[in-house]
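S.K.: Structure file entry.cif (mmCIF, C-alpha atoms) is given on the next line.
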```
data_coords
loop_
_atom_site.label_atom_id
_atom_site.label_comp_id
_atom_site.auth_asym_id
_atom_site.auth_seq_id
_atom_site.Cartn_x
_atom_site.Cartn_y
_atom_site.Cartn_z
CA MET A 26 108.85 78.64 81.68
CA PRO A 27 109.19 82.42 81.27
CA ASP A 28 108.63 84.59 84.35
CA TRP A 29 105.21 85.89 83.40
CA LYS A 30 104.81 87.94 86.56
CA GLN A 31 107.90 89.90 85.66
CA ILE A 32 106.75 90.26 82.07
CA VAL A 33 103.30 91.51 83.10
CA ARG A 34 104.79 93.91 85.62
CA ARG A 35 107.17 95.30 83.02
CA ASN A 36 104.58 95.65 80.27
CA LEU A 37 101.69 97.06 82.24
CA ARG A 38 103.50 99.42 84.56
CA VAL A 39 103.00 102.27 82.08
CA LEU A 40 99.90 103.53 83.77
CA ALA A 41 100.39 101.80 87.10
CA VAL A 42 97.20 99.83 86.61
CA CYS A 43 98.68 96.68 87.93
CA SER A 44 98.36 96.01 91.62
CA PRO A 45 100.38 93.00 92.81
CA GLU A 46 97.16 90.94 92.89
CA LEU A 47 96.20 91.87 89.35
CA THR A 48 99.74 91.20 88.16
CA GLU A 49 99.57 87.71 89.63
CA GLU A 50 96.16 87.08 88.17
CA LEU A 51 97.14 88.15 84.66
CA ALA A 52 100.44 86.30 84.91
CA GLY A 53 98.49 83.17 85.90
CA HIS A 54 96.34 83.52 82.79
CA LEU A 55 99.42 83.82 80.58
CA GLU A 56 101.11 80.87 82.30
CA ASP A 57 98.07 78.70 81.60
CA ARG A 58 97.88 79.90 78.02
CA TYR A 59 101.57 79.26 77.45
CA GLU A 60 101.35 75.76 78.89
CA ALA A 61 98.25 74.95 76.82
CA LEU A 62 100.07 76.00 73.65
CA ARG A 63 103.10 73.95 74.59
CA CYS A 64 100.84 70.95 75.19
CA GLU A 65 99.37 71.47 71.73
CA GLY A 66 102.89 70.97 70.42
CA LEU A 67 103.99 74.53 69.70
CA PRO A 68 107.71 75.19 70.10
CA ALA A 69 108.69 77.29 73.13
CA GLU A 70 109.50 80.40 71.09
CA ALA A 71 106.24 80.32 69.11
CA ALA A 72 104.21 79.65 72.26
CA PHE A 73 105.91 82.55 73.98
CA GLN A 74 105.30 84.93 71.10
CA HIS A 75 101.67 83.87 70.85
CA THR A 76 101.10 84.30 74.59
CA PHE A 77 103.08 87.51 74.85
CA GLY A 78 100.93 88.92 72.03
CA GLN A 79 98.08 89.23 74.56
CA ILE A 80 99.86 91.98 76.49
CA GLU A 81 101.73 93.59 73.65
CA GLY A 82 101.00 96.41 71.22
CA ARG A 83 97.33 97.08 70.61
CA CYS A 84 96.26 94.43 73.13
CA ARG A 85 98.29 96.11 75.86
CA VAL A 86 96.77 99.50 75.04
CA TRP A 87 93.25 98.04 75.19
CA LEU A 88 93.97 96.22 78.42
CA VAL A 89 95.25 99.37 80.09
CA ILE A 90 92.41 101.51 78.73
CA ARG A 91 89.74 99.04 79.84
CA PHE A 92 91.16 98.75 83.35
CA LEU A 93 91.50 102.52 83.66
CA GLN A 94 87.99 102.97 82.33
CA GLU A 95 86.61 100.47 84.83
CA ASP A 96 88.63 102.04 87.62
CA LEU A 97 87.47 105.55 86.75
CA MET A 98 83.82 104.71 86.23
CA ALA A 99 83.32 102.63 89.37
CA GLY A 100 81.24 104.90 91.63
CA PHE A 101 81.96 107.84 89.32
CA ILE A 102 79.34 110.18 90.78
CA ARG A 103 80.40 109.71 94.39
CA LYS A 104 84.13 109.37 93.86
CA VAL A 105 84.82 111.74 90.97
CA ALA A 106 81.90 113.94 89.92
CA LEU A 107 80.79 115.27 93.33
CA PRO A 108 84.31 115.96 94.67
CA GLY A 109 85.20 117.42 91.27
CA LEU A 110 82.20 119.74 91.24
CA LEU A 111 82.96 120.93 94.77
CA THR A 112 86.52 121.56 93.63
CA SER A 113 85.18 123.56 90.69
CA ALA A 114 82.97 125.57 93.02
CA ALA A 115 85.97 126.31 95.26
CA ALA A 116 88.07 127.38 92.26
CA CYS A 117 85.29 129.67 91.02
CA PHE A 118 84.89 131.12 94.51
CA PHE A 119 88.59 131.95 94.74
CA TYR A 120 88.54 133.58 91.32
CA TRP A 121 85.47 135.60 92.25
CA ALA A 122 86.87 136.59 95.66
CA LEU A 123 90.10 137.81 94.11
CA ALA A 124 88.24 139.81 91.49
CA LEU A 125 85.88 141.25 94.12
CA ASP A 126 88.72 142.50 96.28
CA HIS A 127 90.39 143.98 93.22
CA ILE A 128 93.40 141.76 93.78
CA ARG A 129 94.56 141.68 90.26
CA PRO A 130 98.30 141.14 90.23
CA LYS A 131 98.82 139.31 86.97
CA VAL A 132 101.65 138.11 84.82
CA ILE A 133 102.30 139.07 81.27
CA TRP A 134 102.60 136.02 79.09
CA LEU A 135 102.72 134.98 75.49
CA VAL A 136 101.09 137.53 73.19
CA GLY A 137 100.58 140.24 75.75
CA GLY A 138 97.64 138.63 77.54
CA GLN A 139 97.27 138.74 81.29
CA LEU A 140 96.92 135.67 83.38
CA PRO A 141 95.70 135.34 86.94
CA LEU A 142 98.83 134.33 88.84
CA TRP A 143 97.37 134.60 92.34
CA TRP A 144 94.44 132.47 91.36
CA TRP A 145 96.84 129.77 90.21
CA CYS A 146 98.57 129.94 93.57
CA LEU A 147 95.29 129.14 95.32
CA LEU A 148 94.46 126.22 93.04
CA PRO A 149 96.60 123.63 94.86
CA ILE A 150 94.13 124.04 97.73
CA CYS A 151 91.28 123.16 95.34
CA GLY A 152 93.20 120.21 93.89
CA ALA A 153 93.93 118.90 97.36
CA LEU A 154 90.27 119.36 98.32
CA GLY A 155 89.12 117.30 95.32
CA ALA A 156 91.62 114.55 96.00
CA LEU A 157 90.78 114.39 99.71
CA LEU A 158 87.02 114.35 99.11
CA SER A 159 87.45 111.55 96.59
CA GLN A 160 89.68 109.67 99.01
CA ARG A 161 87.05 110.09 101.71
CA ASN A 162 84.62 108.31 99.38
CA SER A 163 87.18 105.51 98.85
CA GLY A 164 88.26 106.79 95.44
CA SER A 165 91.21 105.08 93.80
CA ARG A 166 94.36 107.04 92.91
CA LEU A 167 93.12 107.60 89.39
CA GLN A 168 89.76 108.81 90.69
CA ARG A 169 91.47 111.19 93.12
CA ILE A 170 93.48 112.67 90.27
CA ALA A 171 90.38 112.90 88.09
CA ALA A 172 88.44 114.67 90.87
CA SER A 173 91.17 117.27 91.28
CA LEU A 174 91.40 117.81 87.51
CA LEU A 175 87.67 117.94 86.82
CA PRO A 176 87.43 121.78 87.00
CA SER A 177 90.15 122.10 84.36
CA ALA A 178 88.45 119.46 82.22
CA ILE A 179 85.13 121.31 82.44
CA MET A 180 86.81 124.60 81.64
CA GLY A 181 88.73 122.99 78.77
CA SER A 182 85.57 121.61 77.20
CA PHE A 183 83.83 124.95 77.63
CA ILE A 184 86.70 126.89 76.03
CA LEU A 185 86.94 124.39 73.19
CA LEU A 186 83.24 124.86 72.53
CA ILE A 187 83.58 128.64 72.55
CA PHE A 188 86.54 128.54 70.17
CA VAL A 189 84.82 126.19 67.77
CA ALA A 190 81.75 128.44 67.78
CA GLY A 191 83.97 131.52 67.49
CA PHE A 192 85.92 130.22 64.53
CA THR A 193 82.77 129.12 62.80
CA LEU A 194 81.25 132.56 63.25
CA SER A 195 84.49 134.20 62.07
CA GLU A 196 84.32 132.13 58.92
CA MET A 197 80.74 133.15 58.39
CA VAL A 198 81.23 136.89 58.82
CA ASN A 199 84.67 136.75 57.21
CA HIS A 200 86.27 139.42 59.36
CA TYR A 201 90.03 139.13 59.52
CA TRP A 202 90.28 140.79 62.95
CA TRP A 203 87.88 138.25 64.43
CA ILE A 204 90.14 135.41 63.41
CA SER A 205 93.28 137.15 64.60
CA ALA A 206 91.62 137.98 67.92
CA ARG A 207 90.62 134.32 68.32
CA LEU A 208 94.12 133.15 67.48
CA GLU A 209 95.57 135.61 69.97
CA SER A 210 93.30 134.48 72.76
CA LEU A 211 93.93 130.84 71.80
CA GLY A 212 97.50 131.42 73.02
CA ILE A 213 96.30 132.86 76.34
CA VAL A 214 93.04 131.32 77.44
CA PRO A 215 93.73 127.56 77.25
CA PRO A 216 97.13 127.81 79.01
CA GLY A 217 95.81 130.30 81.55
CA PHE A 218 92.54 128.66 82.39
CA VAL A 219 93.14 124.98 81.59
CA VAL A 220 96.78 123.89 81.43
CA MET A 221 98.25 125.92 84.30
CA PRO A 222 95.24 125.42 86.61
CA ALA A 223 95.43 121.69 85.88
CA ALA A 224 99.13 121.67 86.78
CA PHE A 225 98.53 123.61 90.01
CA SER A 226 95.55 121.43 90.96
CA LEU A 227 97.61 118.34 90.32
CA LEU A 228 100.32 119.76 92.54
CA GLY A 229 97.74 120.14 95.31
CA ALA A 230 96.48 116.59 94.77
CA GLY A 231 100.06 115.34 94.95
CA ILE A 232 100.71 117.21 98.19
CA ALA A 233 97.49 115.81 99.66
CA GLU A 234 98.49 112.30 98.58
CA VAL A 235 101.95 112.52 100.14
CA SER A 236 100.70 114.14 103.36
CA THR A 237 97.94 111.55 103.84
CA ARG A 238 100.41 108.75 103.28
CA LYS A 239 102.81 110.26 105.82
CA PHE A 240 99.99 110.92 108.26
CA ARG A 241 98.82 107.31 107.94
CA ARG A 242 102.34 106.04 108.52
CA LEU A 243 102.63 108.17 111.67
CA ALA A 244 99.22 107.07 112.90
CA MET B 4 82.70 80.52 60.96
CA ALA B 5 80.73 83.75 61.42
CA SER B 6 82.40 86.32 63.63
CA VAL B 7 80.37 88.26 66.16
CA ASN B 8 80.38 92.02 66.38
CA ALA B 9 82.31 93.34 69.39
CA GLN B 10 79.33 95.30 70.74
CA ILE B 11 77.07 92.25 70.73
CA LYS B 12 79.81 90.17 72.26
CA ARG B 13 80.36 92.69 75.05
CA GLY B 14 76.68 92.82 75.86
CA SER B 15 76.33 89.06 76.05
CA ALA B 16 79.56 88.52 77.99
CA GLU B 17 78.11 89.10 81.43
CA LEU B 18 75.34 86.58 80.87
CA ALA B 19 77.78 84.02 79.50
CA VAL B 20 80.16 84.40 82.43
CA LEU B 21 77.44 84.37 85.08
CA THR B 22 75.83 81.30 83.56
CA LEU B 23 79.15 79.52 83.45
CA LEU B 24 79.94 80.39 87.04
CA ALA B 25 76.53 79.14 88.13
CA GLY B 26 77.88 75.66 87.43
CA GLN B 27 81.15 75.89 89.35
CA PRO B 28 83.78 78.39 90.50
CA LEU B 29 86.40 79.01 87.82
CA HIS B 30 89.46 81.16 87.32
CA GLY B 31 89.88 83.61 84.43
CA TYR B 32 91.67 81.37 81.99
CA GLU B 33 89.19 78.52 82.53
CA ILE B 34 86.28 80.90 81.95
CA ALA B 35 87.77 82.07 78.65
CA LYS B 36 88.61 78.52 77.59
CA GLN B 37 85.20 77.08 78.43
CA ILE B 38 83.28 79.86 76.71
CA GLU B 39 85.41 79.42 73.61
CA ALA B 40 84.92 75.66 73.66
CA GLN B 41 81.18 75.77 74.32
CA THR B 42 80.51 78.32 71.59
CA GLY B 43 82.75 76.59 69.07
CA GLY B 44 85.11 79.58 69.04
CA VAL B 45 82.42 82.14 68.13
CA LEU B 46 82.75 83.86 71.49
CA ARG B 47 86.37 84.37 72.38
CA PHE B 48 87.52 86.57 75.25
CA ASP B 49 90.89 88.22 75.30
CA MET B 50 92.38 89.49 78.54
CA ALA B 51 91.34 93.06 77.80
CA SER B 52 87.67 92.14 77.73
CA LEU B 53 87.60 89.35 80.31
CA TYR B 54 89.42 90.68 83.35
CA PRO B 55 88.00 94.21 83.50
CA MET B 56 84.56 92.61 83.23
CA LEU B 57 85.27 90.08 85.99
CA HIS B 58 86.48 92.90 88.24
CA ARG B 59 83.35 94.88 87.44
CA LEU B 60 81.15 91.91 88.34
CA GLU B 61 83.12 91.58 91.56
CA ARG B 62 82.55 95.25 92.40
CA LYS B 63 78.84 94.75 91.79
CA SER B 64 79.08 91.79 94.22
CA TRP B 65 77.72 89.44 91.57
CA VAL B 66 80.81 87.28 91.89
CA ARG B 67 83.32 86.79 94.68
CA ALA B 68 86.96 86.16 93.98
CA GLU B 69 89.30 84.17 96.19
CA TRP B 70 92.82 82.88 95.78
CA GLN B 71 93.16 79.13 95.56
CA THR B 72 96.29 77.04 95.44
CA LEU B 73 96.12 74.42 92.70
CA PRO B 74 97.68 70.95 92.98
CA ASN B 75 100.70 72.23 90.99
CA ARG B 76 101.17 74.80 93.81
CA ARG B 77 100.24 77.70 91.59
CA ARG B 78 97.86 80.32 92.90
CA ARG B 79 94.82 81.24 90.84
CA ARG B 80 92.06 83.76 91.52
CA CYS B 81 88.82 81.80 91.34
CA TYR B 82 85.50 83.47 90.76
CA ARG B 83 82.40 82.17 92.49
CA LEU B 84 78.85 83.31 91.81
CA THR B 85 77.18 85.04 94.76
CA ALA B 86 73.49 84.91 95.66
CA SER B 87 73.11 88.39 94.21
CA GLY B 88 74.79 87.30 90.98
CA ARG B 89 72.55 84.24 90.75
CA LYS B 90 69.52 86.54 90.91
CA GLN B 91 70.79 88.46 87.88
CA ILE B 92 70.82 85.49 85.54
CA ALA B 93 67.06 85.19 85.05
CA PRO B 94 66.47 88.90 84.22
CA LEU B 95 69.49 88.91 81.88
CA ARG B 96 68.21 85.80 80.12
CA ALA B 97 64.77 87.39 79.80
CA GLN B 98 66.30 90.51 78.27
CA TRP B 99 68.29 88.52 75.74
CA ARG B 100 65.30 86.33 74.91
CA ALA B 101 63.20 89.45 74.29
CA PHE B 102 65.99 90.90 72.16
CA PHE B 103 66.32 87.77 70.00
CA GLN B 104 62.54 87.47 69.62
CA ALA B 105 62.36 91.09 68.49
CA LEU B 106 65.22 90.52 66.08
CA GLN B 107 63.59 87.36 64.82
CA SER B 108 60.36 89.14 64.11
CA VAL B 109 62.22 91.72 62.05
CA THR B 110 64.72 89.58 60.19
CA GLY B 111 62.73 86.37 60.07
CA PHE B 112 65.66 84.17 61.06
CA GLN B 113 64.94 81.07 63.09
CA ASN B 114 66.56 79.31 66.04
CA ALA B 115 67.46 82.51 67.85
#
```
Please re-express this file's structure in structure tokens.
M.R.:
Amino acid sequence: MPDWKQIVRRNLRVLAVCSPELTEELAGHLEDRYEALRCEGLPAEAAFQHTFGQIEGRCRVWLVIRFLQEDLMAGFIRKVALPGLLTSAAACFFYWALALDHIRPKVIWLVGGQLPLWWWCLLPICGALGALLSQRNSGSRLQRIAASLLPSAIMGSFILLIFVAGFTLSEMVNHYWWISARLESLGIVPPGFVVMPAAFSLLGAGIAEVSTRKFRRLA
Amino acid sequence: MASVNAQIKRGSAELAVLTLLAGQPLHGYEIAKQIEAQTGGVLRFDMASLYPMLHRLERKSWVRAEWQTLPNRRRRRCYRLTASGRKQIAPLRAQWRAFFQALQSVTGFQNA
């Protein structure tokens, strides 16, 4: 009999969806399936291939997606949306406060655009806030990450919408400079307001995760 | 044998599982096997559709899961219907009955 626990652990570790309990449960299912096929008279190799097919390739992808989806959507409002929106509000507040005080030290990047470096430096605080609020509402690890990344996701969707509308309009009015301006800002805005903020927020969420774990261990 | 569209299957899965568990507590593989046997293979659950759904039902407190050691000393996670889950069966049945009646009146097929 193959070691199904080991096989499940190895095949589903990609997205860390498998808790030890879930691993055992899924391995149990595969064990039963394998034995049933053997009882039906299938040779060991064929029975193994048939059983293994349930956690391989497309099936594995679906299994992981469905579990992640379930994990993310369970108590979404309380565990992801509300902490995420508070995180967004904090990020907006920091950006506004920096602009208000005329603190505008920026970095030059890519095609000559300016990006708000100090704002990025404050974003780990927002990321940590989102993760901690989600944790307070018993959010899972995935939900804590999602809560800290929600502001970047909102901003990303918004920017995408603006670009799509912008390009469409450029096509309609057929002005070359419009298109080149859009292309230029495409190199600045998404990295500056989506990718880098997401990375810094994630850093904050990671710090919060590690500190809480250490704090719990000490307590 | 006619295959059933995935969307329809997904919608009916909760009712099928709850009804099955109303009879006796079962573990995942048994649930999949019994549904397949009782429907003549028309409804077939793979792991990707069965387990996330069972965990969702557990989170809703419609079923309760507990580890049991079988005679062959293997541990299996058995699902048992809760009182709250039992209450869901009648409304779900009513919804499906209404759906099939509506469909019947449109398509004119019988024995829905």
S.K.: At a cut-off of 10 Å, list the chain A residues touching chain B, using only C-alpha atoms, as an NGL selection string.
M.R.: :A and (46-47 or 49-58 or 79-80 or 84-96 or 98-100)
S.K.: Just say which residues the PyMOL selection byres ((chain A and resi 218) around 12) picks in this file, as a PyMOL selection string.
M.R.: chain A and resi 116-117+120+139-142+144-145+148+176-185+210-217+219-226
S.K.: Can you pull out the residues contacting Arg166 of chain A? Cut-off 9 Å, using all atoms listed in the file, and skip same-chain residues under 5 positions away; I want them as a PyMOL selection string.
M.R.: chain A and resi 156+160+171+234
S.K.: At what distance in Å, to one decimal, does atom CA of Phe73 of chain A lie from atom CA of Glu60 of chain A?
M.R.: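 The value is 9.5 Å.
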S.K.: What does the distance from atom CA of Gly14 of chain B to atom CA of Gly78 of chain A come to in Å, to one decimal?
M.R.: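 Computing it gives 24.9 Å between the two atoms.
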S.K.: I need every residue sitting at most 9 Å from the point (75.4, 85.7, 93.2) (coordinates as in the file, all atoms listed in the file considered), written as a list in words.
M.R.: Leu21, Ala25, Ser64, Trp65, Val66, Arg67, Arg83, Leu84, Thr85, Ala86, Ser87, Gly88, Arg89, Lys90, Gln91 and Ile92 of chain B
S.K.: Show me, as a PDB file with C-alpha atoms, keeping the file's coordinate frame, the residues that have an atom within 6 Å of segment 105-113 of chain A when counting all atoms listed in the file, minus same-chain residues fewer than 2 positions from it.
M.R.:
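File written: around31.pdb
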```pdb
ATOM      1  CA  PHE A 101      81.960 107.840  89.320  1.00  0.00           C
ATOM      2  CA  ILE A 102      79.340 110.180  90.780  1.00  0.00           C
ATOM      3  CA  ARG A 103      80.400 109.710  94.390  1.00  0.00           C
ATOM      4  CA  ALA A 115      85.970 126.310  95.260  1.00  0.00           C
ATOM      5  CA  ALA A 116      88.070 127.380  92.260  1.00  0.00           C
ATOM      6  CA  CYS A 151      91.280 123.160  95.340  1.00  0.00           C
ATOM      7  CA  GLY A 155      89.120 117.300  95.320  1.00  0.00           C
ATOM      8  CA  LEU A 158      87.020 114.350  99.110  1.00  0.00           C
ATOM      9  CA  SER A 159      87.450 111.550  96.590  1.00  0.00           C
ATOM     10  CA  GLN A 168      89.760 108.810  90.690  1.00  0.00           C
ATOM     11  CA  ALA A 172      88.440 114.670  90.870  1.00  0.00           C
ATOM     12  CA  SER A 173      91.170 117.270  91.280  1.00  0.00           C
ATOM     13  CA  LEU A 175      87.670 117.940  86.820  1.00  0.00           C
ATOM     14  CA  PRO A 176      87.430 121.780  87.000  1.00  0.00           C
TER      15      PRO A 176
END
```
S.K.: Which residue out of B:Pro28, B:Glu61, B:Val109, B:Ala19 has the minimum interatomic distance to Phe48 of chain B when all atoms listed in the file are used?
M.R.: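 Distance minimum relative to Phe48 of chain B lands on B:Ala19.
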S.K.: Please measure the separation of atom CA of Leu186 of chain A and atom CA of Phe118 of chain A, giving the value in Å to one decimal.
M.R.: 22.9 Å
S.K.: Using all atoms listed in the file, find the one residue out of A:Leu157, A:Ala122, A:Val33, A:Cys64 that sits nearest to Arg238 of chain A.
M.R.: A:Leu157
S.K.: Which centre and which edge lengths, in Å to one decimal, describe the axis-aligned box that holds all listed atoms of segment 40-44 of chain B after 4 Å is added on each side, as lines of an AutoDock Vina configuration file?
M.R.:
```
center_x = 82.8
center_y = 77.6
center_z = 71.7
size_x = 12.6
size_y = 11.9
size_z = 13.3
```
S.K.: Under the rule that all atoms listed in the file are counted, which of A:Phe77, A:Ala230, A:Lys104, A:Arg63 is the nearest residue to Ser163 of chain A?
M.R.: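 Result for the nearest residue to Ser163 of chain A: A:Lys104.
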